[in-house]
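A.B. asks: For reference, the file model01.cif (mmCIF, C-alpha atoms and all ligand atoms) is included below:
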data_work
loop_
_atom_site.group_PDB
_atom_site.id
_atom_site.type_symbol
_atom_site.label_atom_id
_atom_site.label_comp_id
_atom_site.auth_asym_id
_atom_site.auth_seq_id
_atom_site.Cartn_x
_atom_site.Cartn_y
_atom_site.Cartn_z
ATOM 1 C CA MET A 1239 0.000 0.000 0.000
ATOM 2 C CA LYS A 1240 1.206 3.534 -0.750
ATOM 3 C CA LEU A 1241 1.235 5.915 2.214
ATOM 4 C CA THR A 1242 1.876 9.640 2.033
ATOM 5 C CA LEU A 1243 3.338 11.225 5.146
ATOM 6 C CA ILE A 1244 2.816 14.975 5.470
ATOM 7 C CA GLY A 1245 5.470 16.381 7.798
ATOM 8 C CA ASN A 1246 9.029 15.167 8.109
ATOM 9 C CA GLY A 1247 9.860 15.532 11.782
ATOM 10 C CA ILE A 1248 10.892 13.013 14.419
ATOM 11 C CA MET A 1249 7.629 11.090 14.324
ATOM 12 C CA ALA A 1250 7.235 11.078 10.538
ATOM 13 C CA GLN A 1251 10.751 9.686 10.222
ATOM 14 C CA SER A 1252 10.146 7.084 12.955
ATOM 15 C CA LEU A 1253 6.968 5.929 11.207
ATOM 16 C CA ALA A 1254 8.648 5.890 7.798
ATOM 17 C CA ARG A 1255 11.547 3.807 9.131
ATOM 18 C CA GLY A 1256 9.118 1.200 10.440
ATOM 19 C CA LEU A 1257 6.568 1.312 7.604
ATOM 20 C CA ILE A 1258 9.114 1.172 4.774
ATOM 21 C CA LYS A 1259 9.473 -2.582 5.304
ATOM 22 C CA ASN A 1260 5.901 -3.265 4.137
ATOM 23 C CA HIS A 1261 4.696 -0.124 2.373
ATOM 24 C CA GLU A 1262 5.542 2.335 -0.359
ATOM 25 C CA ILE A 1263 6.348 5.620 1.396
ATOM 26 C CA GLU A 1264 6.157 9.197 0.129
ATOM 27 C CA ILE A 1265 7.092 12.067 2.442
ATOM 28 C CA ILE A 1266 5.843 15.585 1.760
ATOM 29 C CA GLY A 1267 7.419 18.454 3.686
ATOM 30 C CA ARG A 1268 7.935 22.177 3.389
ATOM 31 C CA ASP A 1269 11.749 22.019 3.279
ATOM 32 C CA ILE A 1270 13.170 20.018 0.368
ATOM 33 C CA GLU A 1271 16.704 20.169 1.797
ATOM 34 C CA LYS A 1272 15.546 18.377 4.963
ATOM 35 C CA LEU A 1273 13.713 15.823 2.814
ATOM 36 C CA LYS A 1274 16.870 15.111 0.792
ATOM 37 C CA VAL A 1275 18.802 14.368 3.990
ATOM 38 C CA ILE A 1276 16.043 11.967 5.067
ATOM 39 C CA GLN A 1277 16.063 10.268 1.655
ATOM 40 C CA GLU A 1278 19.825 9.717 1.930
ATOM 41 C CA LYS A 1279 19.127 7.690 5.081
ATOM 42 C CA MET A 1280 16.087 5.919 3.556
ATOM 43 C CA PRO A 1281 16.680 5.690 -0.219
ATOM 44 C CA GLN A 1282 13.476 3.672 -0.804
ATOM 45 C CA ILE A 1283 11.186 6.623 0.016
ATOM 46 C CA THR A 1284 10.030 9.267 -2.436
ATOM 47 C CA ILE A 1285 10.035 12.909 -1.360
ATOM 48 C CA LYS A 1286 8.093 15.960 -2.440
ATOM 49 C CA ALA A 1287 8.084 19.633 -1.474
ATOM 50 C CA LEU A 1288 4.683 20.779 -0.170
ATOM 51 C CA ASP A 1289 2.938 22.806 -2.892
ATOM 52 C CA ASP A 1290 0.647 25.721 -2.182
ATOM 53 C CA GLN A 1291 -2.045 23.600 -3.891
ATOM 54 C CA GLU A 1292 -0.983 20.095 -2.836
ATOM 55 C CA ASP A 1293 -3.325 17.565 -4.444
ATOM 56 C CA ILE A 1294 -4.097 14.725 -2.030
ATOM 57 C CA THR A 1295 -6.839 13.116 -4.153
ATOM 58 C CA GLY A 1296 -7.150 9.385 -3.509
ATOM 59 C CA LYS A 1297 -4.132 9.246 -1.187
ATOM 60 C CA ASN A 1298 -3.844 7.551 2.174
ATOM 61 C CA ILE A 1299 -2.394 10.362 4.235
ATOM 62 C CA LEU A 1300 -0.494 10.041 7.492
ATOM 63 C CA PHE A 1301 -0.687 13.533 8.892
ATOM 64 C CA CYS A 1302 2.450 14.162 10.988
ATOM 65 C CA VAL A 1303 2.803 17.905 11.628
ATOM 66 C CA LYS A 1304 2.524 19.678 14.978
ATOM 67 C CA PRO A 1305 -1.030 20.338 16.196
ATOM 68 C CA TYR A 1306 -0.569 24.107 15.838
ATOM 69 C CA ALA A 1307 0.355 23.680 12.151
ATOM 70 C CA LEU A 1308 -2.931 21.964 11.197
ATOM 71 C CA GLN A 1309 -4.596 25.103 9.920
ATOM 72 C CA SER A 1310 -1.708 26.453 7.856
ATOM 73 C CA VAL A 1311 -0.846 23.086 6.303
ATOM 74 C CA SER A 1312 -4.425 22.055 5.558
ATOM 75 C CA ALA A 1313 -4.996 25.396 3.788
ATOM 76 C CA ARG A 1314 -2.463 24.131 1.219
ATOM 77 C CA LEU A 1315 -4.188 20.784 0.601
ATOM 78 C CA VAL A 1316 -6.665 20.336 -2.257
ATOM 79 C CA GLY A 1317 -8.685 17.341 -3.452
ATOM 80 C CA ASN A 1318 -10.258 14.500 -1.559
ATOM 81 C CA ALA A 1319 -7.942 12.033 0.200
ATOM 82 C CA ASN A 1320 -8.969 8.405 0.625
ATOM 83 C CA VAL A 1321 -8.132 8.006 4.333
ATOM 84 C CA LEU A 1322 -6.706 10.757 6.505
ATOM 85 C CA LEU A 1323 -4.830 9.255 9.459
ATOM 86 C CA SER A 1324 -3.737 11.898 11.947
ATOM 87 C CA ILE A 1325 -1.094 11.420 14.648
ATOM 88 C CA LEU A 1326 -1.637 14.912 16.099
ATOM 89 C CA ALA A 1327 -1.937 14.919 19.896
ATOM 90 C CA GLY A 1328 -5.290 16.209 21.094
ATOM 91 C CA THR A 1329 -6.572 17.309 17.670
ATOM 92 C CA LYS A 1330 -10.181 16.210 17.294
ATOM 93 C CA LEU A 1331 -11.722 14.318 14.379
ATOM 94 C CA GLU A 1332 -14.203 17.176 14.053
ATOM 95 C CA SER A 1333 -11.386 19.627 13.534
ATOM 96 C CA LEU A 1334 -9.751 17.374 10.897
ATOM 97 C CA ARG A 1335 -13.083 16.957 9.099
ATOM 98 C CA LYS A 1336 -13.537 20.744 8.944
ATOM 99 C CA GLN A 1337 -10.105 21.426 7.505
ATOM 100 C CA ILE A 1338 -9.092 18.510 5.265
ATOM 101 C CA LYS A 1339 -11.247 16.665 2.734
ATOM 102 C CA ALA A 1340 -11.135 12.855 2.899
ATOM 103 C CA LYS A 1341 -13.473 9.896 2.530
ATOM 104 C CA HIS A 1342 -12.617 8.608 5.998
ATOM 105 C CA TYR A 1343 -10.966 10.060 9.101
ATOM 106 C CA ILE A 1344 -8.844 8.286 11.681
ATOM 107 C CA ARG A 1345 -7.015 9.531 14.781
ATOM 108 C CA THR A 1346 -4.040 7.503 15.953
ATOM 109 C CA MET A 1347 -1.518 7.791 18.745
ATOM 110 C CA PRO A 1348 1.620 5.818 17.909
ATOM 111 C CA ASN A 1349 4.903 6.263 19.748
ATOM 112 C CA ILE A 1350 8.540 6.781 18.915
ATOM 113 C CA ALA A 1351 9.193 3.006 18.973
ATOM 114 C CA ALA A 1352 7.539 2.904 15.527
ATOM 115 C CA SER A 1353 11.078 3.288 14.176
ATOM 116 C CA VAL A 1354 11.977 -0.144 15.585
ATOM 117 C CA GLN A 1355 8.592 -1.643 14.630
ATOM 118 C CA ASN A 1356 7.530 -1.716 18.266
ATOM 119 C CA SER A 1357 5.043 1.134 18.525
ATOM 120 C CA MET A 1358 2.136 0.861 20.938
ATOM 121 C CA THR A 1359 -0.556 2.584 18.894
ATOM 122 C CA THR A 1360 -4.133 3.471 19.818
ATOM 123 C CA ILE A 1361 -6.623 4.203 17.048
ATOM 124 C CA THR A 1362 -10.150 5.595 16.735
ATOM 125 C CA GLY A 1363 -12.332 7.128 14.029
ATOM 126 C CA ASP A 1364 -14.508 6.061 11.105
ATOM 127 C CA ASN A 1365 -15.345 2.367 11.240
ATOM 128 C CA GLU A 1366 -15.080 2.142 7.427
ATOM 129 C CA ALA A 1367 -11.320 2.736 7.742
ATOM 130 C CA LYS A 1368 -10.773 0.583 10.819
ATOM 131 C CA ILE A 1369 -9.281 -2.366 8.925
ATOM 132 C CA ILE A 1370 -6.856 -0.293 6.880
ATOM 133 C CA ALA A 1371 -5.725 1.692 9.956
ATOM 134 C CA MET A 1372 -5.261 -1.424 12.080
ATOM 135 C CA GLU A 1373 -3.279 -3.068 9.268
ATOM 136 C CA ILE A 1374 -0.942 -0.100 8.873
ATOM 137 C CA PHE A 1375 -0.141 0.245 12.570
ATOM 138 C CA SER A 1376 -0.048 -3.480 13.310
ATOM 139 C CA SER A 1377 2.795 -3.669 10.796
ATOM 140 C CA ILE A 1378 4.927 -1.490 13.106
ATOM 141 C CA GLY A 1379 4.012 -2.904 16.510
ATOM 142 C CA GLN A 1380 0.820 -3.396 18.488
ATOM 143 C CA ALA A 1381 -2.392 -1.560 17.651
ATOM 144 C CA ILE A 1382 -5.551 -1.157 19.745
ATOM 145 C CA TRP A 1383 -8.868 0.221 18.480
ATOM 146 C CA VAL A 1384 -10.907 2.339 20.925
ATOM 147 C CA ASN A 1385 -14.370 3.795 20.446
ATOM 148 C CA THR A 1386 -13.938 7.290 21.887
ATOM 149 C CA GLU A 1387 -11.573 10.201 21.464
ATOM 150 C CA THR A 1388 -11.334 10.506 25.249
ATOM 151 C CA GLN A 1389 -9.801 7.029 25.364
ATOM 152 C CA LEU A 1390 -7.352 8.103 22.659
ATOM 153 C CA ASP A 1391 -6.387 11.201 24.681
ATOM 154 C CA ILE A 1392 -5.709 9.031 27.739
ATOM 155 C CA ALA A 1393 -3.702 6.637 25.562
ATOM 156 C CA THR A 1394 -1.699 9.656 24.374
ATOM 157 C CA ALA A 1395 -0.805 10.420 27.989
ATOM 158 C CA ILE A 1396 0.517 6.933 28.627
ATOM 159 C CA ALA A 1397 1.744 5.304 25.407
ATOM 160 C CA GLY A 1398 2.430 8.396 23.277
ATOM 161 C CA SER A 1399 4.301 10.338 25.943
ATOM 162 C CA GLY A 1400 5.337 7.249 27.931
ATOM 163 C CA PRO A 1401 8.686 6.582 26.238
ATOM 164 C CA ALA A 1402 9.884 9.895 27.723
ATOM 165 C CA TYR A 1403 8.731 8.890 31.218
ATOM 166 C CA LEU A 1404 10.444 5.515 31.016
ATOM 167 C CA ALA A 1405 13.561 7.159 29.591
ATOM 168 C CA LEU A 1406 13.657 9.338 32.720
ATOM 169 C CA VAL A 1407 13.466 6.219 34.905
ATOM 170 C CA ALA A 1408 16.178 4.515 32.834
ATOM 171 C CA GLU A 1409 18.510 7.503 33.020
ATOM 172 C CA ALA A 1410 17.932 7.944 36.756
ATOM 173 C CA LEU A 1411 18.631 4.274 37.501
ATOM 174 C CA ALA A 1412 21.881 4.471 35.549
ATOM 175 C CA ASP A 1413 22.815 7.646 37.435
ATOM 176 C CA GLY A 1414 22.167 5.783 40.693
ATOM 177 C CA ALA A 1415 24.543 3.012 39.664
ATOM 178 C CA VAL A 1416 27.182 5.562 38.623
ATOM 179 C CA LYS A 1417 26.755 7.354 41.963
ATOM 180 C CA ALA A 1418 27.376 4.041 43.697
ATOM 181 C CA GLY A 1419 30.625 3.723 41.722
ATOM 182 C CA LEU A 1420 29.802 1.612 38.648
ATOM 183 C CA GLU A 1421 31.169 2.682 35.266
ATOM 184 C CA ARG A 1422 28.651 4.527 33.019
ATOM 185 C CA HIS A 1423 28.829 2.032 30.161
ATOM 186 C CA LEU A 1424 28.182 -0.900 32.498
ATOM 187 C CA SER A 1425 25.334 0.993 34.194
ATOM 188 C CA MET A 1426 23.693 1.653 30.809
ATOM 189 C CA GLN A 1427 24.099 -1.972 29.728
ATOM 190 C CA LEU A 1428 22.436 -3.136 32.955
ATOM 191 C CA VAL A 1429 19.532 -0.725 32.543
ATOM 192 C CA GLN A 1430 18.940 -1.833 28.940
ATOM 193 C CA GLY A 1431 18.868 -5.486 30.000
ATOM 194 C CA LEU A 1432 16.651 -4.641 32.969
ATOM 195 C CA PHE A 1433 14.030 -2.914 30.770
ATOM 196 C CA SER A 1434 14.095 -5.726 28.234
ATOM 197 C CA GLY A 1435 13.672 -8.505 30.852
ATOM 198 C CA THR A 1436 11.018 -6.640 32.841
ATOM 199 C CA SER A 1437 9.072 -5.904 29.671
ATOM 200 C CA SER A 1438 8.995 -9.648 28.860
ATOM 201 C CA LEU A 1439 7.781 -10.455 32.381
ATOM 202 C CA LEU A 1440 5.043 -7.799 32.282
ATOM 203 C CA LYS A 1441 3.463 -9.564 29.303
ATOM 204 C CA HIS A 1442 2.478 -12.399 31.646
ATOM 205 C CA SER A 1443 2.586 -11.008 35.214
ATOM 206 C CA HIS A 1444 0.649 -8.347 37.062
ATOM 207 C CA PRO A 1445 3.077 -5.614 38.251
ATOM 208 C CA ALA A 1446 2.138 -6.144 41.917
ATOM 209 C CA ILE A 1447 2.879 -9.890 41.715
ATOM 210 C CA LEU A 1448 6.153 -9.174 39.950
ATOM 211 C CA LYS A 1449 7.138 -6.716 42.702
ATOM 212 C CA ASP A 1450 6.220 -9.180 45.471
ATOM 213 C CA SER A 1451 8.293 -11.917 43.886
ATOM 214 C CA VAL A 1452 11.388 -9.698 43.753
ATOM 215 C CA MET A 1453 11.115 -8.218 47.251
ATOM 216 C CA SER A 1454 12.754 -10.417 49.928
ATOM 217 C CA PRO A 1455 11.982 -9.786 53.628
ATOM 218 C CA GLY A 1456 14.490 -7.278 54.969
ATOM 219 C CA GLY A 1457 16.316 -7.315 51.622
ATOM 220 C CA THR A 1458 17.763 -4.897 49.089
ATOM 221 C CA THR A 1459 14.573 -4.412 47.064
ATOM 222 C CA ALA A 1460 12.503 -3.502 50.121
ATOM 223 C CA ALA A 1461 15.170 -0.949 51.091
ATOM 224 C CA GLY A 1462 15.204 0.630 47.625
ATOM 225 C CA TYR A 1463 11.423 0.436 47.143
ATOM 226 C CA ALA A 1464 10.786 2.293 50.406
ATOM 227 C CA GLU A 1465 12.838 5.199 49.052
ATOM 228 C CA LEU A 1466 10.717 5.308 45.865
ATOM 229 C CA GLU A 1467 7.511 5.431 47.905
ATOM 230 C CA LYS A 1468 8.983 8.071 50.248
ATOM 231 C CA ALA A 1469 9.817 10.261 47.252
ATOM 232 C CA GLY A 1470 6.267 9.862 45.890
ATOM 233 C CA VAL A 1471 7.272 8.171 42.632
ATOM 234 C CA ARG A 1472 3.960 6.307 42.364
ATOM 235 C CA ASN A 1473 1.949 9.510 42.757
ATOM 236 C CA ALA A 1474 4.286 11.384 40.407
ATOM 237 C CA MET A 1475 3.574 8.819 37.654
ATOM 238 C CA ILE A 1476 -0.189 9.105 38.190
ATOM 239 C CA SER A 1477 0.047 12.913 38.130
ATOM 240 C CA ALA A 1478 2.163 12.808 34.961
ATOM 241 C CA VAL A 1479 -0.482 10.791 33.105
ATOM 242 C CA GLU A 1480 -3.241 13.095 34.405
ATOM 243 C CA ALA A 1481 -1.355 16.238 33.356
ATOM 244 C CA ALA A 1482 -0.626 14.851 29.889
ATOM 245 C CA PHE A 1483 -4.292 13.872 29.447
ATOM 246 C CA GLU A 1484 -5.384 17.381 30.465
ATOM 247 C CA LYS A 1485 -2.899 18.849 27.972
ATOM 248 C CA ALA A 1486 -4.330 16.650 25.194
ATOM 249 C CA ILE A 1487 -7.814 17.999 25.997
ATOM 250 C CA GLU A 1488 -6.445 21.553 25.989
ATOM 251 C CA LEU A 1489 -4.793 21.001 22.564
ATOM 252 C CA GLY A 1490 -8.139 19.729 21.279
ATOM 253 C CA LYS A 1491 -9.846 23.002 22.221
ATOM 254 C CA LYS A 1492 -7.480 25.153 20.147
HETATM 255 N N1 LIG A 1501 7.342 12.854 19.135
HETATM 256 C C1 LIG A 1501 6.576 11.847 19.543
HETATM 257 O O1 LIG A 1501 7.031 10.942 20.253
HETATM 258 C C2 LIG A 1501 5.140 11.793 19.119
HETATM 259 C C3 LIG A 1501 4.516 12.831 18.465
HETATM 260 N N2 LIG A 1501 3.229 12.737 18.057
HETATM 261 C C4 LIG A 1501 2.606 13.813 17.279
HETATM 262 O O2 LIG A 1501 3.314 13.847 16.077
HETATM 263 C C5 LIG A 1501 3.290 15.155 15.514
HETATM 264 C C6 LIG A 1501 4.692 15.534 15.075
HETATM 265 O O3 LIG A 1501 5.528 15.537 16.203
HETATM 266 P P1 LIG A 1501 7.106 15.428 16.064
HETATM 267 O O4 LIG A 1501 7.456 14.602 14.888
HETATM 268 O O5 LIG A 1501 7.601 15.068 17.400
HETATM 269 O O6 LIG A 1501 7.456 16.957 15.771
HETATM 270 P P2 LIG A 1501 8.616 17.601 14.884
HETATM 271 O O7 LIG A 1501 8.761 18.999 15.331
HETATM 272 O O8 LIG A 1501 9.817 16.730 14.886
HETATM 273 O O9 LIG A 1501 7.985 17.580 13.407
HETATM 274 C C7 LIG A 1501 6.941 18.427 13.058
HETATM 275 C C8 LIG A 1501 6.821 18.463 11.532
HETATM 276 O O10 LIG A 1501 5.790 19.384 11.197
HETATM 277 C C9 LIG A 1501 6.273 20.274 10.194
HETATM 278 N N3 LIG A 1501 5.612 21.574 10.296
HETATM 279 C C10 LIG A 1501 5.447 22.331 11.401
HETATM 280 N N4 LIG A 1501 4.824 23.481 11.078
HETATM 281 C C11 LIG A 1501 4.586 23.428 9.741
HETATM 282 C C12 LIG A 1501 3.972 24.294 8.819
HETATM 283 N N5 LIG A 1501 3.441 25.452 9.221
HETATM 284 N N6 LIG A 1501 3.918 23.924 7.519
HETATM 285 C C13 LIG A 1501 4.443 22.760 7.121
HETATM 286 N N7 LIG A 1501 5.045 21.877 7.945
HETATM 287 C C14 LIG A 1501 5.104 22.216 9.239
HETATM 288 C C15 LIG A 1501 7.737 20.402 10.495
HETATM 289 O O11 LIG A 1501 8.392 20.886 9.358
HETATM 290 P P3 LIG A 1501 9.909 21.399 9.413
HETATM 291 O O12 LIG A 1501 10.758 20.170 9.588
HETATM 292 O O13 LIG A 1501 10.107 22.043 8.103
HETATM 293 O O14 LIG A 1501 10.007 22.337 10.577
HETATM 294 C C16 LIG A 1501 8.070 18.951 10.837
HETATM 295 O O15 LIG A 1501 8.276 18.213 9.670
HETATM 296 C C17 LIG A 1501 2.700 16.063 16.574
HETATM 297 O O16 LIG A 1501 1.402 16.420 16.189
HETATM 298 C C18 LIG A 1501 2.686 15.216 17.846
HETATM 299 O O17 LIG A 1501 1.562 15.501 18.631
HETATM 300 C C19 LIG A 1501 2.500 11.589 18.254
HETATM 301 C C20 LIG A 1501 3.065 10.527 18.894
HETATM 302 C C21 LIG A 1501 4.394 10.548 19.434
HETATM 303 O O1 LIG A 1502 4.541 15.585 23.551
HETATM 304 C C1 LIG A 1502 3.657 15.535 22.688
HETATM 305 O O2 LIG A 1502 2.771 16.407 22.652
HETATM 306 C C2 LIG A 1502 3.647 14.405 21.698
HETATM 307 C C3 LIG A 1502 2.400 13.599 21.774
HETATM 308 C C4 LIG A 1502 2.803 12.285 22.357
HETATM 309 C C5 LIG A 1502 4.246 12.331 22.378
HETATM 310 N N1 LIG A 1502 4.694 13.486 21.999
#
Can you dump the structure from the file as structure tokens?
C.D. replies:
Amino acid sequence: MKLTLIGNGIMAQSLARGLIKNHEIEIIGRDIEKLKVIQEKMPQITIKALDDQEDITGKNILFCVKPYALQSVSARLVGNANVLLSILAGTKLESLRKQIKAKHYIRTMPNIAASVQNSMTTITGDNEAKIIAMEIFSSIGQAIWVNTETQLDIATAIAGSGPAYLALVAEALADGAVKAGLERHLSMQLVQGLFSGTSSLLKHSHPAILKDSVMSPGGTTAAGYAELEKAGVRNAMISAVEAAFEKAIELGKK
């Protein structure tokens, strides 16, 4: 299937890197020099500078610009796309429908792991395009269909933004090991292995059971865990998801 990505930023490139394995990819952006650099890294893609009258007739569009750029970019699009798949945080289907012409509209929230074909993507929108959307995003990781935009906004707060939260945890754990005297490269290697192993376990175990099976009476885990609770890490994570969800709602009102 041919997919046209509009926008050439971090997320467009991550998606292209993952999707290129199973799809024909065209990237349209406003800066041809940036597009040429991207094409050097991914020679299979085609690139195109965004015209003032960019004809999207019949195309399956993955819309990858920043939410604030929706209005200015959509003013340059003419014709009727087949499916418009947006990755814009917060931006409502209603707003997409008003500004871009397409047969069907889909909102998605992938994450940066699309580049390694391991995105956790949530999708909602027109049922007529459900199969095509699920196929596209299942080819670069896991995809879940939800029935409301509120669910998608919550998914944005956890799986869209989540890689940044987990990266903070990973960096902090490595810093802890370095503080205790372990070399940086060894600390990073341990953290990578830790995330990989824990992620495998979480596929089959509830987090609370996993925690209980690691924590020995009077042991090292209990000592470390008490510090996390004292510092309010659990509540900080809950607040982070809440704040990100609220921000998604706020973006949707603009
Ligand atoms: N980063 C992430 O992990 C995720 C991001 N998203 C969503 O993906 C979208 C893109 O984010 P991300 O890739 O991180 O952002 P970037 O800033 O890396 O990319 C934004 C892209 O939009 C283009 N753009 C911005 N303004 C205009 C304009 N007025 N006209 C034409 N093109 C424009 C930029 O062009 P140029 O390069 O020329 O500046 C760039 O290609 C956002 O809507 C975000 O909500 C969704 C899931 C995860
Ligand atoms: O920070 C953002 O707004 C985007 C949406 C999800 C990840 N990045």
A.B. asks: List the neighbours of Leu1241 (chain A) out to 12 Å using all atoms listed in the file; skip same-chain residues closer than 4 positions along the sequence, and give me the result as a ChimeraX atom specification.
C.D. replies: /A:1250,1253-1254,1257-1258,1260-1266,1283-1285,1294,1296-1301,1319-1323,1370-1371,1374-1375
A.B. asks: Would you compute the distance between CA of Ala1446 (chain A) and CA of Leu1406 (chain A)? Give it in Å to one decimal.
C.D. replies: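 So the answer is 21.4 Å.
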A.B. asks: Which residue, A:Ile1344, A:Leu1326, A:Leu1466, A:Ile1361, has the smallest gap to Ala1393 (chain A) when you use all atoms listed in the file?
C.D. replies: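 Closest candidate: A:Ile1361.
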A.B. asks: Pull out every residue that the PyMOL selection byres (((not hetatm)) within 7 of (chain A and resi 1502)) matches in the shown coordinates and put them as a list in words.
C.D. replies: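 Checked against the file, the PyMOL selection byres (((not hetatm)) within 7 of (chain A and resi 1502)) matches Ala1327, Asn1349, Thr1394, Ala1395, Gly1398 and Ser1399 of chain A.
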A.B. asks: Kindly compile the residues surrounding ligand LIG 1501 (chain A) within 7 Å, counting all atoms listed in the file, and format them as a PyMOL selection string.
C.D. replies: chain A and resi 1245-1250+1267-1269+1272+1302-1305+1307+1310-1311+1325-1327+1347-1350+1398-1399
A.B. asks: Rounded to one decimal, what separation in Å do you get between CA of Ala1402 (chain A) and CA of Glu1484 (chain A)?
C.D. replies: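 Separating CA of Ala1402 (chain A) from CA of Glu1484 (chain A) is a distance of 17.2 Å.
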A.B. asks: Would you mind listing what lies within 9 Å of Ile1382 (chain A) as a PyMOL selection string, with all atoms listed in the file counted and same-chain residues fewer than 5 positions away left out?
C.D. replies: chain A and resi 1358-1362+1372+1376
A.B. asks: How would you write, as a list in words, the residues chosen by the PyMOL selection byres (((chain A and resi 1333) around 10) and not hetatm) on this structure?
C.D. replies: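 Given this file, the PyMOL selection byres (((chain A and resi 1333) around 10) and not hetatm) evaluates to Leu1308, Gln1309, Thr1329, Lys1330, Leu1331, Glu1332, Leu1334, Arg1335, Lys1336, Gln1337, Ile1338, Gly1490, Lys1491 and Lys1492 of chain A.
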A.B. asks: Pick from A:Leu1448, A:Tyr1343, A:Ala1381, A:Met1453: nearest to Glu1366 (chain A), with all atoms listed in the file counted?
C.D. replies: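 Smallest separation from Glu1366 (chain A) among the options: A:Tyr1343.
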A.B. asks: Using CA of His1444 (chain A) and CA of Gly1400 (chain A) as the two end points, give the distance in Å to one decimal.
C.D. replies: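 Those two atoms sit 18.7 Å apart.
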A.B. asks: Using all atoms listed in the file, find the one residue out of A:Ser1312, A:Ser1377, A:Ser1324, A:Gln1389 that sits nearest to Phe1483 (chain A).
C.D. replies: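 The shortest atom-to-atom distance to Phe1483 (chain A) comes from A:Gln1389.
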A.B. asks: Neighbours of Glu1409 (chain A) within 12 Å (only C-alpha atoms; same-chain residues fewer than 2 positions away dropped), as number ranges by chain?
C.D. replies: A: 1401-1407, 1411-1416, 1422, 1425-1430, 1433
